[in-house]
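> run_13.txt is reproduced in full below (compact mmCIF, C-alpha atoms).
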# COMPACT_ATOMS: atom_id res chain seq x y z
CA LEU C 1 8.46 -20.11 111.48
CA ASP C 2 7.94 -21.30 107.91
CA CYS C 3 5.73 -19.01 105.81
CA GLU C 4 5.08 -16.73 108.80
CA TYR C 5 5.90 -13.24 107.54
CA ASP C 6 3.97 -10.92 105.23
CA VAL C 7 7.12 -8.85 104.63
CA THR C 8 10.81 -9.74 104.76
CA PHE C 9 13.45 -7.05 104.45
CA SER C 10 17.19 -6.48 104.62
CA PHE C 11 19.23 -3.30 104.36
CA THR C 12 22.94 -3.58 103.50
CA VAL C 13 23.56 -6.86 105.33
CA LEU C 14 23.54 -9.58 102.65
CA GLU C 15 27.01 -8.60 101.43
CA HIS C 16 28.29 -9.81 104.80
CA ALA C 17 26.91 -13.34 104.39
CA ALA C 18 29.52 -15.95 103.53
CA ARG C 19 26.89 -17.81 101.46
CA PRO C 20 24.15 -15.32 100.56
CA TRP C 21 22.21 -17.90 98.54
CA LYS C 22 21.52 -19.64 101.86
CA SER C 23 20.21 -16.36 103.24
CA PHE C 24 17.84 -16.19 100.29
CA ASP C 25 16.77 -19.79 101.02
CA THR C 26 15.77 -18.63 104.51
CA ILE C 27 14.02 -15.54 103.16
CA ALA C 28 11.98 -17.78 100.83
CA ARG C 29 11.19 -20.22 103.63
CA ILE C 30 9.86 -17.61 106.08
CA THR C 31 7.94 -15.39 103.63
CA LYS C 32 4.22 -16.14 103.26
CA LYS C 33 2.77 -16.96 99.85
CA GLY C 34 1.81 -13.57 98.43
CA GLY C 35 4.19 -11.88 100.87
CA LEU C 36 6.61 -9.16 99.88
CA THR C 37 10.38 -9.13 100.18
CA LEU C 38 12.65 -6.07 99.81
CA HIS C 39 16.43 -6.00 99.89
CA LEU C 40 18.99 -3.24 99.45
CA VAL C 41 22.65 -4.18 98.96
CA PRO C 42 25.84 -2.40 97.86
CA TRP C 43 26.90 -2.39 94.23
CA SER C 44 29.63 0.25 94.25
CA TYR C 45 30.72 0.78 97.80
CA GLN C 46 33.97 0.56 99.72
CA TRP C 47 35.03 -2.67 101.37
CA HIS C 48 33.78 -2.64 104.95
CA ALA C 49 34.67 -5.61 107.13
CA THR C 50 32.01 -5.61 109.79
CA PRO C 51 32.39 -8.57 110.32
CA GLU C 52 33.26 -9.59 106.74
CA ASP C 53 32.49 -8.05 103.37
CA ASN C 54 32.03 -10.81 100.80
CA TYR C 55 29.81 -9.82 97.87
CA ARG C 56 28.43 -7.13 95.61
CA PHE C 57 25.11 -7.78 93.86
CA SER C 58 24.03 -6.57 90.44
CA HIS C 59 20.35 -6.20 89.60
CA THR C 60 20.46 -9.44 87.61
CA ALA C 61 21.98 -11.33 90.54
CA LEU C 62 19.16 -10.20 92.83
CA GLU C 63 16.54 -11.11 90.23
CA THR C 64 17.99 -14.60 89.88
CA LEU C 65 18.32 -15.14 93.63
CA LEU C 66 14.62 -14.35 94.08
CA GLN C 67 13.23 -16.01 90.94
CA ASP C 68 15.07 -19.25 91.67
CA ARG C 69 13.26 -19.33 95.03
CA GLY C 70 9.71 -18.80 93.81
CA PHE C 71 9.40 -15.01 93.82
CA GLU C 72 8.04 -12.71 91.14
CA VAL C 73 10.33 -9.67 90.84
CA LEU C 74 8.17 -6.54 91.03
CA GLU C 75 10.96 -4.00 90.78
CA VAL C 76 14.74 -4.02 90.64
CA GLY C 77 17.26 -1.24 90.12
CA TYR C 78 19.84 1.06 91.60
CA ASP C 79 19.59 3.76 94.24
CA ILE C 80 22.35 6.28 93.56
CA CYS C 81 23.50 8.58 96.37
CA ASN C 82 26.25 11.19 96.61
CA GLN C 83 28.44 11.51 99.67
CA PRO C 84 27.26 14.14 102.14
CA GLU C 85 29.11 17.48 102.00
CA LEU C 86 30.72 16.84 105.40
CA VAL C 87 32.30 13.60 104.13
CA ARG C 88 33.60 15.30 100.96
CA LYS C 89 35.37 17.96 103.05
CA LYS C 90 37.25 15.36 105.11
CA LYS C 91 40.41 13.56 104.05
CA LYS C 92 39.79 11.18 101.15
CA ASP C 93 39.96 7.47 101.79
CA GLU C 94 38.35 4.41 100.25
CA HIS C 95 34.86 5.96 100.27
CA PHE C 96 33.43 6.45 96.80
CA GLU C 97 32.17 9.84 95.60
CA VAL C 98 28.98 8.21 94.40
CA ILE C 99 27.48 5.13 96.06
CA TRP C 100 25.27 2.73 94.14
CA LEU C 101 22.96 0.47 96.09
CA THR C 102 21.07 -2.28 94.28
CA TYR C 103 17.50 -2.98 95.35
CA VAL C 104 14.93 -5.63 94.60
CA VAL C 105 11.26 -6.01 95.51
CA GLY C 106 9.53 -9.34 95.04
CA ARG C 107 6.31 -11.21 95.81
CA LYS C 108 6.33 -14.86 96.77
CA LEU C 109 4.27 -16.93 94.36
What does this structure look like when you write it as structure tokens?

Amino acid sequence: LDCEYDVTFSFTVLEHAARPWKSFDTIARITKKGGLTLHLVPWSYQWHATPEDNYRFSHTALETLLQDRGFEVLEVGYDICNQPELVRKKKKDEHFEVIWLTYVVGRKL
């Protein structure tokens, strides 16, 4: 399945990889030349072991992980969300008031 996909995407899963750089190796391998890749990962978010929670990624980390694998970074940044009202009314635990997710969009060169 090398170079098969026009678009590769992940949503809040790469923090669970024991070796996320290997995940990015696979993403690079399966994305077509000229194809797009989009990933959203936690930056400030509670620890959540399902199955493991190993990493947090800054915008510069995501840029490097893509650029080192032959991608042009088209956009990178943070998606900032507040907890829903229902969550705020419940007992406080490890959940943050404000959640920051880091995102990156790249094109394979």
> Name the residues in contact with range 52-63 of chain C at a cut-off of 10 Å, using all atoms listed in the file, excluding same-chain residues fewer than 3 positions from it; report them as a PDB file with C-alpha atoms, keeping the file's coordinate frame.

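Output file around-v4.pdb is given in full below:
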ATOM      1  CA  VAL C  13      23.560  -6.860 105.330  1.00  0.00           C
ATOM      2  CA  LEU C  14      23.540  -9.580 102.650  1.00  0.00           C
ATOM      3  CA  GLU C  15      27.010  -8.600 101.430  1.00  0.00           C
ATOM      4  CA  HIS C  16      28.290  -9.810 104.800  1.00  0.00           C
ATOM      5  CA  ALA C  17      26.910 -13.340 104.390  1.00  0.00           C
ATOM      6  CA  ALA C  18      29.520 -15.950 103.530  1.00  0.00           C
ATOM      7  CA  ARG C  19      26.890 -17.810 101.460  1.00  0.00           C
ATOM      8  CA  PRO C  20      24.150 -15.320 100.560  1.00  0.00           C
ATOM      9  CA  PHE C  24      17.840 -16.190 100.290  1.00  0.00           C
ATOM     10  CA  HIS C  39      16.430  -6.000  99.890  1.00  0.00           C
ATOM     11  CA  LEU C  40      18.990  -3.240  99.450  1.00  0.00           C
ATOM     12  CA  VAL C  41      22.650  -4.180  98.960  1.00  0.00           C
ATOM     13  CA  PRO C  42      25.840  -2.400  97.860  1.00  0.00           C
ATOM     14  CA  TRP C  43      26.900  -2.390  94.230  1.00  0.00           C
ATOM     15  CA  SER C  44      29.630   0.250  94.250  1.00  0.00           C
ATOM     16  CA  TYR C  45      30.720   0.780  97.800  1.00  0.00           C
ATOM     17  CA  GLN C  46      33.970   0.560  99.720  1.00  0.00           C
ATOM     18  CA  TRP C  47      35.030  -2.670 101.370  1.00  0.00           C
ATOM     19  CA  HIS C  48      33.780  -2.640 104.950  1.00  0.00           C
ATOM     20  CA  ALA C  49      34.670  -5.610 107.130  1.00  0.00           C
ATOM     21  CA  LEU C  66      14.620 -14.350  94.080  1.00  0.00           C
ATOM     22  CA  GLN C  67      13.230 -16.010  90.940  1.00  0.00           C
ATOM     23  CA  ASP C  68      15.070 -19.250  91.670  1.00  0.00           C
ATOM     24  CA  PHE C  71       9.400 -15.010  93.820  1.00  0.00           C
ATOM     25  CA  GLU C  72       8.040 -12.710  91.140  1.00  0.00           C
ATOM     26  CA  VAL C  73      10.330  -9.670  90.840  1.00  0.00           C
ATOM     27  CA  LEU C  74       8.170  -6.540  91.030  1.00  0.00           C
ATOM     28  CA  GLU C  75      10.960  -4.000  90.780  1.00  0.00           C
ATOM     29  CA  VAL C  76      14.740  -4.020  90.640  1.00  0.00           C
ATOM     30  CA  GLY C  77      17.260  -1.240  90.120  1.00  0.00           C
ATOM     31  CA  TYR C  78      19.840   1.060  91.600  1.00  0.00           C
ATOM     32  CA  LEU C 101      22.960   0.470  96.090  1.00  0.00           C
ATOM     33  CA  THR C 102      21.070  -2.280  94.280  1.00  0.00           C
ATOM     34  CA  TYR C 103      17.500  -2.980  95.350  1.00  0.00           C
ATOM     35  CA  VAL C 104      14.930  -5.630  94.600  1.00  0.00           C
ATOM     36  CA  VAL C 105      11.260  -6.010  95.510  1.00  0.00           C
ATOM     37  CA  GLY C 106       9.530  -9.340  95.040  1.00  0.00           C
TER      38      GLY C 106
END
> Taking (4.1, -4.5, 98.9) in the file's own coordinates, collect the residues within 8 Å, counting all atoms listed in the file, and hand them back as JSON, numbers by chain.
{"C": [7, 35, 36, 37, 107]}
> Report as a ChimeraX atom specification all protein, DNA and RNA residues lying within 7 Å of Thr31 in chain C, evaluated on all atoms listed in the file, omitting residues in the same chain fewer than 5 positions from it.
/C:3-8
> Using all atoms listed in the file, which residue out of C:Thr64, C:Asp79, C:Glu97, C:Ser10 lies closest to Ile27 in chain C?
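Under the stated criterion, the closest residue is C:Ser10.
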> Name the closest residue to Thr26 in chain C among the candidates C:Ile99, C:Cys81, C:Leu65, C:Leu109; distances are taken between atoms, counting all atoms listed in the file.
C:Leu65
> Any chance you could build range 44-55 of chain C out to all heavy atoms and write it as an mmCIF file, keeping the file's coordinate frame?

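File part19.cif, as written:
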data_model
loop_
_atom_site.group_PDB
_atom_site.id
_atom_site.type_symbol
_atom_site.label_atom_id
_atom_site.label_comp_id
_atom_site.auth_asym_id
_atom_site.auth_seq_id
_atom_site.Cartn_x
_atom_site.Cartn_y
_atom_site.Cartn_z
ATOM 1 N N SER C 44 28.332 -0.427 94.174
ATOM 2 C CA SER C 44 29.630 0.250 94.250
ATOM 3 C C SER C 44 29.735 0.894 95.620
ATOM 4 O O SER C 44 29.031 1.838 95.932
ATOM 5 C CB SER C 44 29.786 1.294 93.139
ATOM 6 O OG SER C 44 28.938 2.384 93.359
ATOM 7 N N TYR C 45 30.560 0.314 96.438
ATOM 8 C CA TYR C 45 30.720 0.780 97.800
ATOM 9 C C TYR C 45 32.048 0.254 98.310
ATOM 10 O O TYR C 45 32.492 -0.812 97.884
ATOM 11 C CB TYR C 45 29.561 0.256 98.675
ATOM 12 C CG TYR C 45 29.441 0.932 100.016
ATOM 13 C CD1 TYR C 45 28.894 2.207 100.110
ATOM 14 C CD2 TYR C 45 29.850 0.299 101.173
ATOM 15 C CE1 TYR C 45 28.762 2.825 101.345
ATOM 16 C CE2 TYR C 45 29.722 0.921 102.403
ATOM 17 C CZ TYR C 45 29.181 2.185 102.483
ATOM 18 O OH TYR C 45 29.059 2.799 103.697
ATOM 19 N N GLN C 46 32.670 0.985 99.211
ATOM 20 C CA GLN C 46 33.970 0.560 99.720
ATOM 21 C C GLN C 46 33.856 -0.753 100.495
ATOM 22 O O GLN C 46 32.806 -1.082 101.018
ATOM 23 C CB GLN C 46 34.605 1.638 100.609
ATOM 24 C CG GLN C 46 34.009 1.768 101.983
ATOM 25 C CD GLN C 46 32.763 2.628 102.048
ATOM 26 O OE1 GLN C 46 32.282 3.113 101.038
ATOM 27 N NE2 GLN C 46 32.246 2.809 103.243
ATOM 28 N N TRP C 47 34.948 -1.457 100.554
ATOM 29 C CA TRP C 47 35.030 -2.670 101.370
ATOM 30 C C TRP C 47 34.859 -2.251 102.814
ATOM 31 O O TRP C 47 35.432 -1.256 103.266
ATOM 32 C CB TRP C 47 36.399 -3.322 101.133
ATOM 33 C CG TRP C 47 36.585 -4.608 101.857
ATOM 34 C CD1 TRP C 47 36.129 -5.833 101.455
ATOM 35 C CD2 TRP C 47 37.289 -4.818 103.077
ATOM 36 N NE1 TRP C 47 36.486 -6.803 102.349
ATOM 37 C CE2 TRP C 47 37.215 -6.200 103.384
ATOM 38 C CE3 TRP C 47 37.964 -4.005 103.963
ATOM 39 C CZ2 TRP C 47 37.789 -6.765 104.506
ATOM 40 C CZ3 TRP C 47 38.529 -4.563 105.086
ATOM 41 C CH2 TRP C 47 38.445 -5.935 105.346
ATOM 42 N N HIS C 48 34.042 -2.982 103.562
ATOM 43 C CA HIS C 48 33.780 -2.640 104.950
ATOM 44 C C HIS C 48 33.601 -3.923 105.758
ATOM 45 O O HIS C 48 32.561 -4.541 105.747
ATOM 46 C CB HIS C 48 32.576 -1.706 105.089
ATOM 47 C CG HIS C 48 31.312 -2.221 104.491
ATOM 48 N ND1 HIS C 48 31.112 -2.337 103.137
ATOM 49 C CD2 HIS C 48 30.187 -2.662 105.070
ATOM 50 C CE1 HIS C 48 29.909 -2.829 102.912
ATOM 51 N NE2 HIS C 48 29.321 -3.045 104.067
ATOM 52 N N ALA C 49 34.634 -4.326 106.423
ATOM 53 C CA ALA C 49 34.670 -5.610 107.130
ATOM 54 C C ALA C 49 34.035 -5.517 108.504
ATOM 55 O O ALA C 49 34.687 -5.338 109.508
ATOM 56 C CB ALA C 49 36.104 -6.098 107.266
ATOM 57 N N THR C 50 32.729 -5.624 108.529
ATOM 58 C CA THR C 50 32.010 -5.610 109.790
ATOM 59 C C THR C 50 30.918 -6.671 109.741
ATOM 60 O O THR C 50 29.802 -6.343 109.421
ATOM 61 C CB THR C 50 31.373 -4.240 110.069
ATOM 62 O OG1 THR C 50 32.295 -3.224 109.765
ATOM 63 C CG2 THR C 50 30.917 -4.106 111.477
ATOM 64 N N PRO C 51 31.131 -7.917 109.974
ATOM 65 C CA PRO C 51 32.390 -8.570 110.320
ATOM 66 C C PRO C 51 33.216 -8.949 109.097
ATOM 67 O O PRO C 51 34.424 -8.985 109.158
ATOM 68 C CB PRO C 51 31.938 -9.825 111.062
ATOM 69 C CG PRO C 51 30.633 -10.159 110.410
ATOM 70 C CD PRO C 51 30.015 -8.831 110.057
ATOM 71 N N GLU C 52 32.596 -9.286 107.998
ATOM 72 C CA GLU C 52 33.260 -9.590 106.740
ATOM 73 C C GLU C 52 32.489 -8.898 105.630
ATOM 74 O O GLU C 52 31.311 -8.635 105.766
ATOM 75 C CB GLU C 52 33.248 -11.103 106.447
ATOM 76 C CG GLU C 52 34.390 -11.892 106.999
ATOM 77 C CD GLU C 52 35.762 -11.435 106.550
ATOM 78 O OE1 GLU C 52 35.958 -11.080 105.370
ATOM 79 O OE2 GLU C 52 36.659 -11.420 107.401
ATOM 80 N N ASP C 53 33.137 -8.650 104.534
ATOM 81 C CA ASP C 53 32.490 -8.050 103.370
ATOM 82 C C ASP C 53 32.787 -8.979 102.198
ATOM 83 O O ASP C 53 33.921 -9.046 101.747
ATOM 84 C CB ASP C 53 33.031 -6.644 103.137
ATOM 85 C CG ASP C 53 32.243 -5.869 102.100
ATOM 86 O OD1 ASP C 53 31.261 -6.403 101.563
ATOM 87 O OD2 ASP C 53 32.627 -4.725 101.823
ATOM 88 N N ASN C 54 31.794 -9.717 101.745
ATOM 89 C CA ASN C 54 32.030 -10.810 100.800
ATOM 90 C C ASN C 54 31.524 -10.601 99.383
ATOM 91 O O ASN C 54 32.097 -11.150 98.455
ATOM 92 C CB ASN C 54 31.391 -12.096 101.353
ATOM 93 C CG ASN C 54 32.033 -12.524 102.630
ATOM 94 O OD1 ASN C 54 33.223 -12.756 102.696
ATOM 95 N ND2 ASN C 54 31.237 -12.609 103.688
ATOM 96 N N TYR C 55 30.437 -9.858 99.194
ATOM 97 C CA TYR C 55 29.810 -9.820 97.870
ATOM 98 C C TYR C 55 29.313 -8.438 97.506
ATOM 99 O O TYR C 55 29.010 -7.612 98.362
ATOM 100 C CB TYR C 55 28.597 -10.773 97.829
ATOM 101 C CG TYR C 55 29.005 -12.218 97.858
ATOM 102 C CD1 TYR C 55 29.075 -12.907 99.065
ATOM 103 C CD2 TYR C 55 29.325 -12.892 96.698
ATOM 104 C CE1 TYR C 55 29.464 -14.229 99.103
ATOM 105 C CE2 TYR C 55 29.715 -14.217 96.728
ATOM 106 C CZ TYR C 55 29.777 -14.882 97.929
ATOM 107 O OH TYR C 55 30.164 -16.194 97.961
#
